[in-house]
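Peer 1: Got a structure for you, coords19.txt, holding compact mmCIF, C-alpha atoms and all ligand atoms.
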# COMPACT_ATOMS: atom_id res chain seq x y z
CA MET A 259 15.39 9.53 17.26
CA THR A 260 17.49 6.91 15.49
CA ASP A 261 19.36 8.16 12.47
CA ASN A 262 18.46 5.41 9.97
CA VAL A 263 20.32 4.92 6.72
CA VAL A 264 18.36 6.21 3.72
CA TYR A 265 18.93 6.01 -0.03
CA TRP A 266 19.08 9.48 -1.46
CA ASN A 267 19.91 10.38 -5.08
CA GLY A 268 22.24 7.46 -5.65
CA ALA A 269 23.93 7.09 -2.24
CA PHE A 270 23.25 5.50 1.13
CA LEU A 271 23.65 8.02 3.96
CA PRO A 272 22.27 8.83 7.42
CA ASP A 273 18.82 10.43 7.27
CA SER A 274 20.15 13.52 9.08
CA GLN A 275 22.45 14.22 6.12
CA ALA A 276 19.71 14.13 3.45
CA ARG A 277 18.84 17.78 2.85
CA LEU A 278 16.31 19.51 0.58
CA PRO A 279 16.01 23.18 -0.42
CA LEU A 280 12.80 24.64 1.04
CA LEU A 281 11.66 25.63 -2.46
CA THR A 282 11.59 21.99 -3.60
CA HIS A 283 8.71 21.73 -6.08
CA ALA A 284 7.10 18.60 -4.59
CA LEU A 285 6.96 20.13 -1.12
CA HIS A 286 4.81 22.99 -2.42
CA TYR A 287 2.79 21.33 -5.16
CA GLY A 288 2.64 17.63 -4.26
CA THR A 289 4.44 16.61 -7.46
CA GLY A 290 5.79 13.25 -6.36
CA VAL A 291 4.91 9.59 -6.67
CA PHE A 292 5.50 7.12 -3.87
CA GLU A 293 5.16 3.46 -3.01
CA GLY A 294 4.69 1.52 0.20
CA ILE A 295 6.25 -1.93 0.44
CA ARG A 296 6.32 -4.28 3.39
CA ALA A 297 9.03 -6.71 4.39
CA TYR A 298 8.09 -9.39 6.91
CA HIS A 299 10.35 -10.85 9.55
CA ASP A 300 10.06 -14.62 9.66
CA GLU A 301 10.80 -15.67 13.23
CA ARG A 302 11.37 -19.30 12.20
CA THR A 303 14.25 -18.53 9.88
CA GLY A 304 15.30 -15.04 11.02
CA GLU A 305 14.90 -13.92 7.41
CA VAL A 306 13.27 -10.65 6.35
CA LEU A 307 11.11 -11.06 3.24
CA LEU A 308 10.17 -8.23 0.89
CA PHE A 309 6.61 -8.82 -0.33
CA ARG A 310 5.82 -8.27 -4.03
CA ALA A 311 8.48 -5.57 -4.20
CA LEU A 312 8.95 -6.01 -7.94
CA ASP A 313 5.22 -5.44 -8.51
CA HIS A 314 5.37 -2.27 -6.41
CA PHE A 315 8.32 -0.89 -8.37
CA ARG A 316 6.68 -1.84 -11.67
CA ARG A 317 3.57 0.07 -10.60
CA MET A 318 5.78 3.00 -9.63
CA ALA A 319 7.50 2.90 -13.03
CA HIS A 320 4.06 3.28 -14.66
CA ASN A 321 2.84 5.94 -12.23
CA VAL A 322 5.83 8.27 -12.58
CA THR A 323 4.99 8.72 -16.27
CA LEU A 324 1.84 10.60 -15.14
CA LEU A 325 4.11 13.37 -13.79
CA ASN A 326 6.92 13.06 -16.37
CA ILE A 327 9.30 11.79 -13.71
CA ASP A 328 12.16 9.45 -14.63
CA LEU A 329 13.10 6.70 -12.17
CA PRO A 330 16.87 6.38 -11.71
CA HIS A 331 16.84 2.57 -12.12
CA PRO A 332 14.64 -0.18 -13.57
CA PRO A 333 12.27 -1.95 -11.15
CA GLU A 334 14.55 -5.00 -10.71
CA ALA A 335 17.45 -2.80 -9.54
CA LEU A 336 15.15 -0.88 -7.18
CA VAL A 337 14.23 -4.18 -5.48
CA GLY A 338 17.97 -4.70 -4.90
CA ILE A 339 18.30 -1.23 -3.40
CA ALA A 340 15.34 -1.87 -1.08
CA ALA A 341 16.96 -5.09 0.15
CA ASP A 342 20.30 -3.34 0.56
CA LEU A 343 18.64 -0.55 2.54
CA ILE A 344 17.12 -3.04 5.00
CA ARG A 345 20.48 -4.79 5.38
CA ARG A 346 22.37 -1.54 5.95
CA ASN A 347 19.92 -0.71 8.75
CA ASP A 348 20.26 -4.28 10.02
CA PHE A 349 16.49 -4.46 10.55
CA ARG A 350 15.38 -7.85 11.91
CA THR A 351 11.73 -6.98 12.29
CA ASP A 352 8.72 -6.15 10.09
CA VAL A 353 9.73 -3.22 7.91
CA TYR A 354 7.96 -0.70 5.70
CA VAL A 355 9.87 0.65 2.70
CA ARG A 356 8.87 4.01 1.24
CA PRO A 357 10.33 4.90 -2.19
CA LEU A 358 9.60 8.46 -3.30
CA ALA A 359 10.26 10.01 -6.73
CA PHE A 360 9.57 13.70 -7.00
CA LYS A 361 10.03 16.97 -8.82
CA SER A 362 12.94 18.66 -7.12
CA GLY A 363 13.38 21.90 -9.08
CA ALA A 364 13.79 24.67 -6.48
CA ARG A 365 11.88 27.61 -7.89
CA ILE A 366 8.40 29.11 -7.97
CA GLY A 367 6.11 27.98 -10.79
CA VAL A 368 3.44 25.33 -11.27
CA THR A 369 4.46 23.17 -14.21
CA LEU A 370 6.34 19.87 -14.20
CA PRO A 371 9.99 21.00 -14.11
CA ALA A 372 12.69 18.71 -15.46
CA GLU A 373 14.66 18.00 -12.27
CA ASP A 374 13.75 14.72 -10.53
CA SER A 375 14.97 13.23 -7.26
CA PHE A 376 14.61 9.79 -5.78
CA ALA A 377 14.67 8.67 -2.15
CA MET A 378 14.04 5.41 -0.33
CA ILE A 379 13.40 5.19 3.38
CA ALA A 380 12.85 2.09 5.52
CA VAL A 381 11.24 2.05 8.97
CA PRO A 382 10.17 -0.73 11.33
CA LEU A 383 6.36 -1.00 11.19
CA GLY A 384 3.89 -3.23 12.98
CA ASP A 385 0.11 -3.12 12.42
CA TYR A 386 -1.14 0.06 10.73
CA LEU A 387 -4.79 -0.77 11.42
CA ASP A 388 -6.10 -3.19 14.02
CA THR A 389 -6.42 -6.46 12.09
CA ARG A 390 -8.11 -8.38 14.91
CA LYS A 391 -10.96 -6.57 16.59
CA GLY A 392 -13.04 -5.46 13.59
CA LEU A 393 -13.04 -1.83 12.51
CA HIS A 394 -15.83 0.67 12.80
CA CYS A 395 -15.92 2.70 9.57
CA GLY A 396 -17.86 5.73 8.45
CA VAL A 397 -18.73 6.81 4.91
CA SER A 398 -16.77 10.00 4.39
CA SER A 399 -18.23 13.36 3.45
CA TRP A 400 -15.11 13.76 1.27
CA ARG A 401 -15.37 12.26 -2.23
CA ARG A 402 -12.48 10.29 -3.72
CA VAL A 403 -10.39 12.31 -6.21
CA GLN A 404 -11.47 11.83 -9.81
CA ASP A 405 -9.17 10.36 -12.43
CA ASN A 406 -9.34 13.52 -14.52
CA ALA A 407 -8.59 15.79 -11.54
CA ILE A 408 -5.76 13.97 -9.72
CA PRO A 409 -5.48 10.32 -10.79
CA GLY A 410 -6.02 8.19 -7.68
CA ARG A 411 -4.37 5.21 -9.33
CA GLY A 412 -1.12 7.20 -9.53
CA LYS A 413 -0.11 7.21 -5.84
CA ILE A 414 0.64 10.89 -6.36
CA CYS A 415 1.74 12.73 -3.21
CA GLY A 416 -0.70 15.64 -3.61
CA ALA A 417 -3.67 13.27 -3.92
CA TYR A 418 -3.11 12.19 -0.32
CA VAL A 419 -4.56 15.47 0.93
CA ASN A 420 -7.85 13.82 -0.10
CA SER A 421 -6.96 10.72 1.97
CA ALA A 422 -5.79 12.78 4.95
CA LEU A 423 -9.00 14.82 5.04
CA ALA A 424 -11.11 11.66 4.98
CA ALA A 425 -9.00 9.75 7.53
CA GLN A 426 -8.91 12.69 9.94
CA GLU A 427 -12.64 13.31 9.61
CA ALA A 428 -13.26 9.63 10.38
CA ARG A 429 -11.08 9.77 13.53
CA ASP A 430 -12.70 13.05 14.62
CA ARG A 431 -16.14 11.43 14.33
CA GLY A 432 -15.04 8.44 16.39
CA PHE A 433 -14.58 5.97 13.51
CA ASP A 434 -11.45 3.87 12.96
CA GLU A 435 -11.32 4.52 9.22
CA ALA A 436 -13.13 6.22 6.34
CA ILE A 437 -14.89 4.63 3.38
CA MET A 438 -14.81 7.00 0.43
CA LEU A 439 -17.38 7.26 -2.34
CA ASN A 440 -16.48 8.54 -5.80
CA GLU A 441 -18.19 11.53 -7.46
CA ALA A 442 -20.88 9.20 -8.83
CA GLY A 443 -21.72 8.22 -5.24
CA HIS A 444 -20.39 4.68 -5.60
CA VAL A 445 -18.02 3.01 -3.18
CA ALA A 446 -14.36 3.59 -4.05
CA GLU A 447 -12.02 2.62 -1.21
CA GLY A 448 -10.67 3.50 2.24
CA SER A 449 -8.28 6.42 2.77
CA ALA A 450 -5.28 4.27 1.82
CA MET A 451 -6.68 0.79 1.35
CA ASN A 452 -8.97 -1.11 -0.99
CA LEU A 453 -12.31 -2.52 0.09
CA PHE A 454 -13.97 -5.90 -0.36
CA LEU A 455 -17.34 -7.15 0.67
CA VAL A 456 -18.73 -10.65 0.88
CA ARG A 457 -22.23 -11.25 -0.41
CA ASP A 458 -23.67 -14.75 -0.62
CA GLY A 459 -20.26 -16.41 -0.40
CA ARG A 460 -18.71 -14.33 -3.19
CA LEU A 461 -16.25 -11.47 -2.97
CA VAL A 462 -17.12 -8.12 -4.48
CA THR A 463 -14.76 -5.17 -4.92
CA PRO A 464 -15.07 -1.81 -6.72
CA ASP A 465 -13.75 -2.05 -10.29
CA VAL A 466 -10.65 -0.18 -11.47
CA ALA A 467 -12.76 2.63 -12.97
CA SER A 468 -14.38 3.41 -9.60
CA GLY A 469 -11.58 5.82 -8.61
CA ILE A 470 -9.38 3.35 -6.76
CA LEU A 471 -5.70 2.64 -6.52
CA GLU A 472 -5.13 -0.70 -8.23
CA GLY A 473 -3.81 -2.27 -5.07
CA ILE A 474 -1.28 -5.06 -4.99
CA THR A 475 -2.90 -6.48 -1.85
CA ARG A 476 -6.23 -6.33 -3.71
CA ASP A 477 -4.62 -8.46 -6.41
CA SER A 478 -3.13 -10.86 -3.82
CA VAL A 479 -6.55 -11.23 -2.19
CA MET A 480 -8.25 -12.04 -5.50
CA THR A 481 -5.54 -14.54 -6.39
CA LEU A 482 -5.45 -16.27 -2.99
CA SER A 483 -9.22 -16.41 -2.58
CA CYS A 484 -9.61 -17.98 -6.01
CA ASP A 485 -6.69 -20.45 -5.86
CA ALA A 486 -6.77 -21.46 -2.22
CA MET A 487 -10.43 -21.06 -1.33
CA GLY A 488 -12.32 -21.36 -4.63
CA VAL A 489 -13.98 -18.00 -3.91
CA HIS A 490 -14.27 -15.71 -6.93
CA THR A 491 -14.33 -11.92 -6.93
CA SER A 492 -16.55 -9.75 -9.01
CA GLU A 493 -15.02 -6.38 -9.81
CA ARG A 494 -17.92 -4.04 -10.39
CA VAL A 495 -19.68 -0.86 -9.33
CA VAL A 496 -20.52 -1.11 -5.61
CA GLU A 497 -23.38 0.92 -4.22
CA ARG A 498 -23.23 2.55 -0.81
CA THR A 499 -26.12 0.55 0.64
CA GLU A 500 -24.39 -2.71 -0.25
CA LEU A 501 -22.11 -1.82 2.65
CA TYR A 502 -25.10 -2.02 4.97
CA VAL A 503 -26.34 -5.40 3.73
CA ALA A 504 -22.97 -7.16 3.23
CA ASP A 505 -22.22 -10.39 5.11
CA GLU A 506 -18.58 -9.37 5.60
CA ILE A 507 -16.41 -6.37 4.76
CA PHE A 508 -12.66 -5.91 4.95
CA LEU A 509 -10.10 -3.28 3.99
CA CYS A 510 -6.78 -4.31 2.51
CA GLY A 511 -3.48 -2.72 1.62
CA THR A 512 0.23 -3.11 2.13
CA ALA A 513 0.20 -1.19 5.41
CA ALA A 514 -3.33 -2.19 6.47
CA GLN A 515 -2.90 -5.87 5.43
CA ILE A 516 -6.34 -7.48 5.76
CA ALA A 517 -8.45 -5.62 8.30
CA PRO A 518 -12.03 -6.77 9.03
CA VAL A 519 -14.75 -4.11 9.23
CA THR A 520 -17.59 -4.96 11.61
CA ARG A 521 -19.61 -1.71 11.59
CA VAL A 522 -20.34 0.86 8.91
CA ASP A 523 -22.04 4.11 9.90
CA GLY A 524 -23.08 2.47 13.15
CA ARG A 525 -24.74 -0.49 11.41
CA ILE A 526 -23.50 -3.95 12.25
CA VAL A 527 -21.92 -5.89 9.38
CA GLY A 528 -23.04 -9.55 9.24
CA THR A 529 -22.76 -11.07 12.70
CA GLY A 530 -20.78 -8.13 14.06
CA LYS A 531 -17.62 -10.26 14.18
CA PRO A 532 -14.90 -10.79 11.56
CA GLY A 533 -16.45 -13.28 9.10
CA PRO A 534 -15.17 -16.71 7.99
CA ILE A 535 -13.99 -15.67 4.52
CA THR A 536 -12.12 -12.66 5.93
CA LEU A 537 -10.47 -14.80 8.61
CA GLU A 538 -9.44 -17.48 6.11
CA LEU A 539 -8.00 -14.83 3.81
CA GLN A 540 -6.02 -13.32 6.68
CA GLU A 541 -4.62 -16.78 7.35
CA GLN A 542 -3.68 -17.40 3.70
CA TYR A 543 -2.19 -13.92 3.34
CA GLY A 544 -0.16 -14.36 6.53
CA ARG A 545 1.29 -17.57 5.08
CA ALA A 546 1.98 -16.06 1.66
CA VAL A 547 3.92 -13.08 3.01
CA ARG A 548 6.11 -15.38 5.12
CA ARG A 549 6.92 -17.68 2.18
CA ARG A 550 4.88 -20.58 3.52
CA LEU A 551 2.77 -21.16 0.41
CA PRO A 552 5.02 -22.85 -2.18
CA ARG A 553 2.89 -21.56 -5.05
CA TYR A 554 3.65 -17.93 -4.13
CA VAL A 555 7.32 -18.11 -3.19
CA SER A 556 8.07 -15.79 -6.10
CA TRP A 557 6.10 -13.04 -4.30
CA THR A 558 8.80 -12.83 -1.62
CA GLU A 559 12.42 -11.73 -1.80
CA PRO A 560 14.69 -12.74 1.10
CA VAL A 561 16.76 -9.76 2.20
CA TYR A 562 19.53 -11.55 4.07
CA GLY A 563 19.69 -14.73 1.99
CA PRO A 564 20.17 -14.95 -1.78
CA ALA A 565 19.80 -11.17 -2.22
CA ALA A 566 22.68 -10.57 0.15
CA GLU A 567 24.79 -13.20 -1.63
CA ARG A 568 24.06 -11.61 -5.01
CA ALA A 569 25.01 -8.17 -3.69
CA THR A 570 28.27 -9.56 -2.28
CA LEU A 571 29.11 -11.25 -5.58
CA ALA A 572 28.32 -8.06 -7.49
CA THR A 573 30.70 -6.02 -5.36
CA ALA A 574 33.43 -8.75 -5.21
N1 LIG A 601 -5.75 2.68 -2.00
C1 LIG A 601 -4.94 3.72 -1.68
C2 LIG A 601 -5.45 5.10 -1.89
C3 LIG A 601 -3.67 3.49 -1.15
O1 LIG A 601 -2.87 4.50 -0.82
C4 LIG A 601 -3.24 2.15 -0.95
C5 LIG A 601 -1.90 1.88 -0.32
N2 LIG A 601 -0.88 1.86 -1.25
C6 LIG A 601 -4.09 1.11 -1.32
C7 LIG A 601 -5.34 1.41 -1.84
C8 LIG A 601 -3.65 -0.33 -1.22
O2 LIG A 601 -2.69 -0.58 -2.20
P1 LIG A 601 -1.55 -1.71 -2.01
O3 LIG A 601 -2.27 -2.96 -1.69
O4 LIG A 601 -0.87 -1.76 -3.32
O5 LIG A 601 -0.70 -1.25 -0.90
Would you write out, as structure tokens, the structure that this file holds?
Peer 2:
Amino acid sequence: MTDNVVYWNGAFLPDSQARLPLLTHALHYGTGVFEGIRAYHDERTGEVLLFRALDHFRRMAHNVTLLNIDLPHPPEALVGIAADLIRRNDFRTDVYVRPLAFKSGARIGVTLPAEDSFAMIAVPLGDYLDTRKGLHCGVSSWRRVQDNAIPGRGKICGAYVNSALAAQEARDRGFDEAIMLNEAGHVAEGSAMNLFLVRDGRLVTPDVASGILEGITRDSVMTLSCDAMGVHTSERVVERTELYVADEIFLCGTAAQIAPVTRVDGRIVGTGKPGPITLELQEQYGRAVRRRLPRYVSWTEPVYGPAAERATLATA
């Protein structure tokens, strides 16, 4: 295994040198908050582009307050560290960046101890879900965690037991991915991705009170569909059977990107092929992440260009 450079409590070092005591609080009780950020390699320019990294770190800065964790730096500085991490690993491919802030007190006891740690890891990552063929999803028997149990919007480590149970159950039943309902029986999201459906030419997605993570890709989709395609989204309660009568369905997330769903619980969605709105959105999203839509250039941060120059100036 390659020994990538990681960022660990204020220093860059080889992964093999980052050590944790086995009593680390977050390992036992799930008391951490993480993010998932993609950086895209642009073959035309050779550049690697972080996508909406500032928005991810801003979300993280909000989420850590749920667990009384302090981030070591403001969001803007964390974007710089993410870029630096990619450069130090000399990645020239699509990359996934995983920041993790967690309770690191090393003793028994379930409260929220004062000691916090912060790590950032970067790994090359291609497709997480198949974005071409059309996924076959199943409604999970596991309900999405409730806001007043473990807040799903918080990207809290422990909450991902809920996602893991649903995703594994889906695989074990022969599905590609799970669709989770909330305790009210309404559609929430996939195991680690938001969900959209198309009905009569309009986009519909579960509202923020349906037990979802307020996804950044979800926001990109709503922005791009409105600006570039004139298609509006209604954020509202979505009933389970709307999945069966939708014209199109797709899942979206940083890792998943935009992944068409062509069957739910064995029922064919629309024509059984990825639909026109989903395909157009994939196209627009693919352009946005590679800095090819002038209107959204501010969503991307070049890792080897201006960011590298700034870092050099700062250390000169
Ligand atoms: N829902 C959950 C539960 C997730 O873990 C993710 C991935 N972060 C998403 C939705 C999609 O969010 P984003 O677009 O911000 O990656």
Peer 1: Measuring between only C-alpha atoms, which one of A:Glu493, A:Glu435, A:Asp523, A:Asp430 shows the shortest distance to Ala450 of chain A?
Peer 2: A:Glu435
Peer 1: Leaving out segment 553-559 of chain A and any residue of its chain fewer than 4 positions from it, which residues lie within 10 Å of it when counting all atoms listed in the file, given as a ChimeraX atom specification?
Peer 2: /A:297-298,305-313,337-338,341,478,482,485,545-549,563-565
Peer 1: Please produce a file of the residues just selected, as an mmCIF file, in the frame of the given file, where the atoms kept are C-alpha atoms.
Peer 2:
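The result, stored in part-v1.cif:
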data_model
loop_
_atom_site.group_PDB
_atom_site.id
_atom_site.type_symbol
_atom_site.label_atom_id
_atom_site.label_comp_id
_atom_site.auth_asym_id
_atom_site.auth_seq_id
_atom_site.Cartn_x
_atom_site.Cartn_y
_atom_site.Cartn_z
ATOM 1 C CA ALA A 297 9.030 -6.710 4.390
ATOM 2 C CA TYR A 298 8.090 -9.390 6.910
ATOM 3 C CA GLU A 305 14.900 -13.920 7.410
ATOM 4 C CA VAL A 306 13.270 -10.650 6.350
ATOM 5 C CA LEU A 307 11.110 -11.060 3.240
ATOM 6 C CA LEU A 308 10.170 -8.230 0.890
ATOM 7 C CA PHE A 309 6.610 -8.820 -0.330
ATOM 8 C CA ARG A 310 5.820 -8.270 -4.030
ATOM 9 C CA ALA A 311 8.480 -5.570 -4.200
ATOM 10 C CA LEU A 312 8.950 -6.010 -7.940
ATOM 11 C CA ASP A 313 5.220 -5.440 -8.510
ATOM 12 C CA VAL A 337 14.230 -4.180 -5.480
ATOM 13 C CA GLY A 338 17.970 -4.700 -4.900
ATOM 14 C CA ALA A 341 16.960 -5.090 0.150
ATOM 15 C CA SER A 478 -3.130 -10.860 -3.820
ATOM 16 C CA LEU A 482 -5.450 -16.270 -2.990
ATOM 17 C CA ASP A 485 -6.690 -20.450 -5.860
ATOM 18 C CA ARG A 545 1.290 -17.570 5.080
ATOM 19 C CA ALA A 546 1.980 -16.060 1.660
ATOM 20 C CA VAL A 547 3.920 -13.080 3.010
ATOM 21 C CA ARG A 548 6.110 -15.380 5.120
ATOM 22 C CA ARG A 549 6.920 -17.680 2.180
ATOM 23 C CA GLY A 563 19.690 -14.730 1.990
ATOM 24 C CA PRO A 564 20.170 -14.950 -1.780
ATOM 25 C CA ALA A 565 19.800 -11.170 -2.220
#
Peer 1: Atom CA of Ala436 of chain A to atom CA of Ala422 of chain A: how many Å, to one decimal?
Peer 2: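 Between atom CA of Ala436 of chain A and atom CA of Ala422 of chain A the gap is 9.9 Å.
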Peer 1: So that I can see what lies close to Pro357 of chain A, please list as a PyMOL selection string the residues with an atom at most 9 Å from it, counting only C-alpha atoms and leaving out residues fewer than 3 positions away in the same chain.
Peer 2: chain A and resi 265+291-295+315+318+340+376-380
Peer 1: Give me, as a ChimeraX atom specification, the set of residues whose atoms come within 10 Å of any atom of ligand LIG 601 (chain A), counting only C-alpha atoms and all ligand atoms.
Peer 2: /A:292-296,310,313-314,317,402-403,410-415,417-418,420-421,438,446-453,469-479,509-516
Peer 1: So, with all atoms listed in the file as the atoms that count, which of A:Trp400, A:Phe349, A:Tyr502, A:Phe508 lies closest to Leu537 of chain A?
Peer 2: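 Between A:Trp400, A:Phe349, A:Tyr502, A:Phe508, the residue approaching Leu537 of chain A most closely is A:Phe508.
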Peer 1: Could you check the closest approach to Leu329 of chain A for each of A:Val353, A:Asp374, A:Glu506, A:Gly488 and tell me which residue wins, using all atoms listed in the file?
Peer 2: A:Asp374
Peer 1: Report as an MDAnalysis selection string all protein, DNA and RNA residues lying within 9 Å of Ile507 of chain A, evaluated on only C-alpha atoms, omitting residues in the same chain fewer than 5 positions from it.
Peer 2: chainID A and resid 453:456 501 517:521 527:528 532:533 536
Peer 1: Restricted to all heavy atoms, what does segment 424-433 of chain A look like when written out as a JSON list (two decimals), in the first residue's frame?
Peer 2:
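The file below, out_2.json, is the result:
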[["chain", "number", "residue", "atom", "x", "y", "z"],
["A", 424, "ALA", "N", -28.02, 0.19, 5.82],
["A", 424, "ALA", "CA", -28.91, 0.28, 4.65],
["A", 424, "ALA", "C", -28.17, -0.11, 3.37],
["A", 424, "ALA", "O", -28.70, -0.85, 2.54],
["A", 424, "ALA", "CB", -29.46, 1.70, 4.53],
["A", 425, "ALA", "N", -26.94, 0.38, 3.21],
["A", 425, "ALA", "CA", -26.19, 0.09, 1.98],
["A", 425, "ALA", "C", -25.87, -1.41, 1.90],
["A", 425, "ALA", "O", -25.99, -2.02, 0.83],
["A", 425, "ALA", "CB", -24.91, 0.92, 1.94],
["A", 426, "GLN", "N", -25.50, -2.00, 3.03],
["A", 426, "GLN", "CA", -25.16, -3.43, 3.01],
["A", 426, "GLN", "C", -26.40, -4.28, 2.73],
["A", 426, "GLN", "O", -26.35, -5.23, 1.94],
["A", 426, "GLN", "CB", -24.50, -3.85, 4.34],
["A", 426, "GLN", "CG", -23.93, -5.26, 4.30],
["A", 426, "GLN", "CD", -22.87, -5.41, 3.21],
["A", 426, "GLN", "OE1", -21.94, -4.62, 3.11],
["A", 426, "GLN", "NE2", -23.01, -6.43, 2.35],
["A", 427, "GLU", "N", -27.52, -3.89, 3.37],
["A", 427, "GLU", "CA", -28.76, -4.63, 3.13],
["A", 427, "GLU", "C", -29.12, -4.58, 1.64],
["A", 427, "GLU", "O", -29.50, -5.58, 1.04],
["A", 427, "GLU", "CB", -29.90, -4.03, 3.95],
["A", 427, "GLU", "CG", -31.23, -4.73, 3.72],
["A", 427, "GLU", "CD", -32.41, -3.91, 4.22],
["A", 427, "GLU", "OE1", -32.63, -2.79, 3.73],
["A", 427, "GLU", "OE2", -33.10, -4.41, 5.11],
["A", 428, "ALA", "N", -28.97, -3.38, 1.04],
["A", 428, "ALA", "CA", -29.29, -3.23, -0.38],
["A", 428, "ALA", "C", -28.42, -4.18, -1.22],
["A", 428, "ALA", "O", -28.92, -4.90, -2.09],
["A", 428, "ALA", "CB", -29.09, -1.78, -0.82],
["A", 429, "ARG", "N", -27.11, -4.18, -0.96],
["A", 429, "ARG", "CA", -26.20, -5.06, -1.72],
["A", 429, "ARG", "C", -26.58, -6.52, -1.51],
["A", 429, "ARG", "O", -26.62, -7.31, -2.45],
["A", 429, "ARG", "CB", -24.75, -4.88, -1.29],
["A", 429, "ARG", "CG", -24.22, -3.46, -1.28],
["A", 429, "ARG", "CD", -23.80, -2.93, -2.65],
["A", 429, "ARG", "NE", -23.04, -1.70, -2.52],
["A", 429, "ARG", "CZ", -23.55, -0.50, -2.18],
["A", 429, "ARG", "NH1", -24.84, -0.36, -1.91],
["A", 429, "ARG", "NH2", -22.77, 0.57, -2.11],
["A", 430, "ASP", "N", -26.88, -6.89, -0.24],
["A", 430, "ASP", "CA", -27.20, -8.29, 0.06],
["A", 430, "ASP", "C", -28.48, -8.73, -0.65],
["A", 430, "ASP", "O", -28.67, -9.91, -0.94],
["A", 430, "ASP", "CB", -27.37, -8.49, 1.58],
["A", 430, "ASP", "CG", -26.04, -8.33, 2.31],
["A", 430, "ASP", "OD1", -24.98, -8.36, 1.65],
["A", 430, "ASP", "OD2", -26.06, -8.17, 3.55],
["A", 431, "ARG", "N", -29.37, -7.77, -0.92],
["A", 431, "ARG", "CA", -30.62, -8.12, -1.61],
["A", 431, "ARG", "C", -30.49, -8.00, -3.13],
["A", 431, "ARG", "O", -31.48, -8.11, -3.84],
["A", 431, "ARG", "CB", -31.73, -7.17, -1.17],
["A", 431, "ARG", "CG", -32.22, -7.39, 0.24],
["A", 431, "ARG", "CD", -33.14, -6.23, 0.55],
["A", 431, "ARG", "NE", -34.05, -6.49, 1.64],
["A", 431, "ARG", "CZ", -34.98, -5.62, 2.03],
["A", 431, "ARG", "NH1", -35.09, -4.46, 1.41],
["A", 431, "ARG", "NH2", -35.77, -5.89, 3.02],
["A", 432, "GLY", "N", -29.29, -7.67, -3.59],
["A", 432, "GLY", "CA", -29.07, -7.61, -5.03],
["A", 432, "GLY", "C", -29.32, -6.24, -5.64],
["A", 432, "GLY", "O", -29.34, -6.09, -6.87],
["A", 433, "PHE", "N", -29.53, -5.20, -4.80],
["A", 433, "PHE", "CA", -29.69, -3.84, -5.32],
["A", 433, "PHE", "C", -28.33, -3.14, -5.38],
["A", 433, "PHE", "O", -27.39, -3.53, -4.69],
["A", 433, "PHE", "CB", -30.61, -3.02, -4.41],
["A", 433, "PHE", "CG", -32.03, -3.53, -4.34],
["A", 433, "PHE", "CD1", -32.55, -3.99, -3.14],
["A", 433, "PHE", "CD2", -32.84, -3.53, -5.47],
["A", 433, "PHE", "CE1", -33.86, -4.45, -3.08],
["A", 433, "PHE", "CE2", -34.15, -4.00, -5.41],
["A", 433, "PHE", "CZ", -34.66, -4.46, -4.21]]
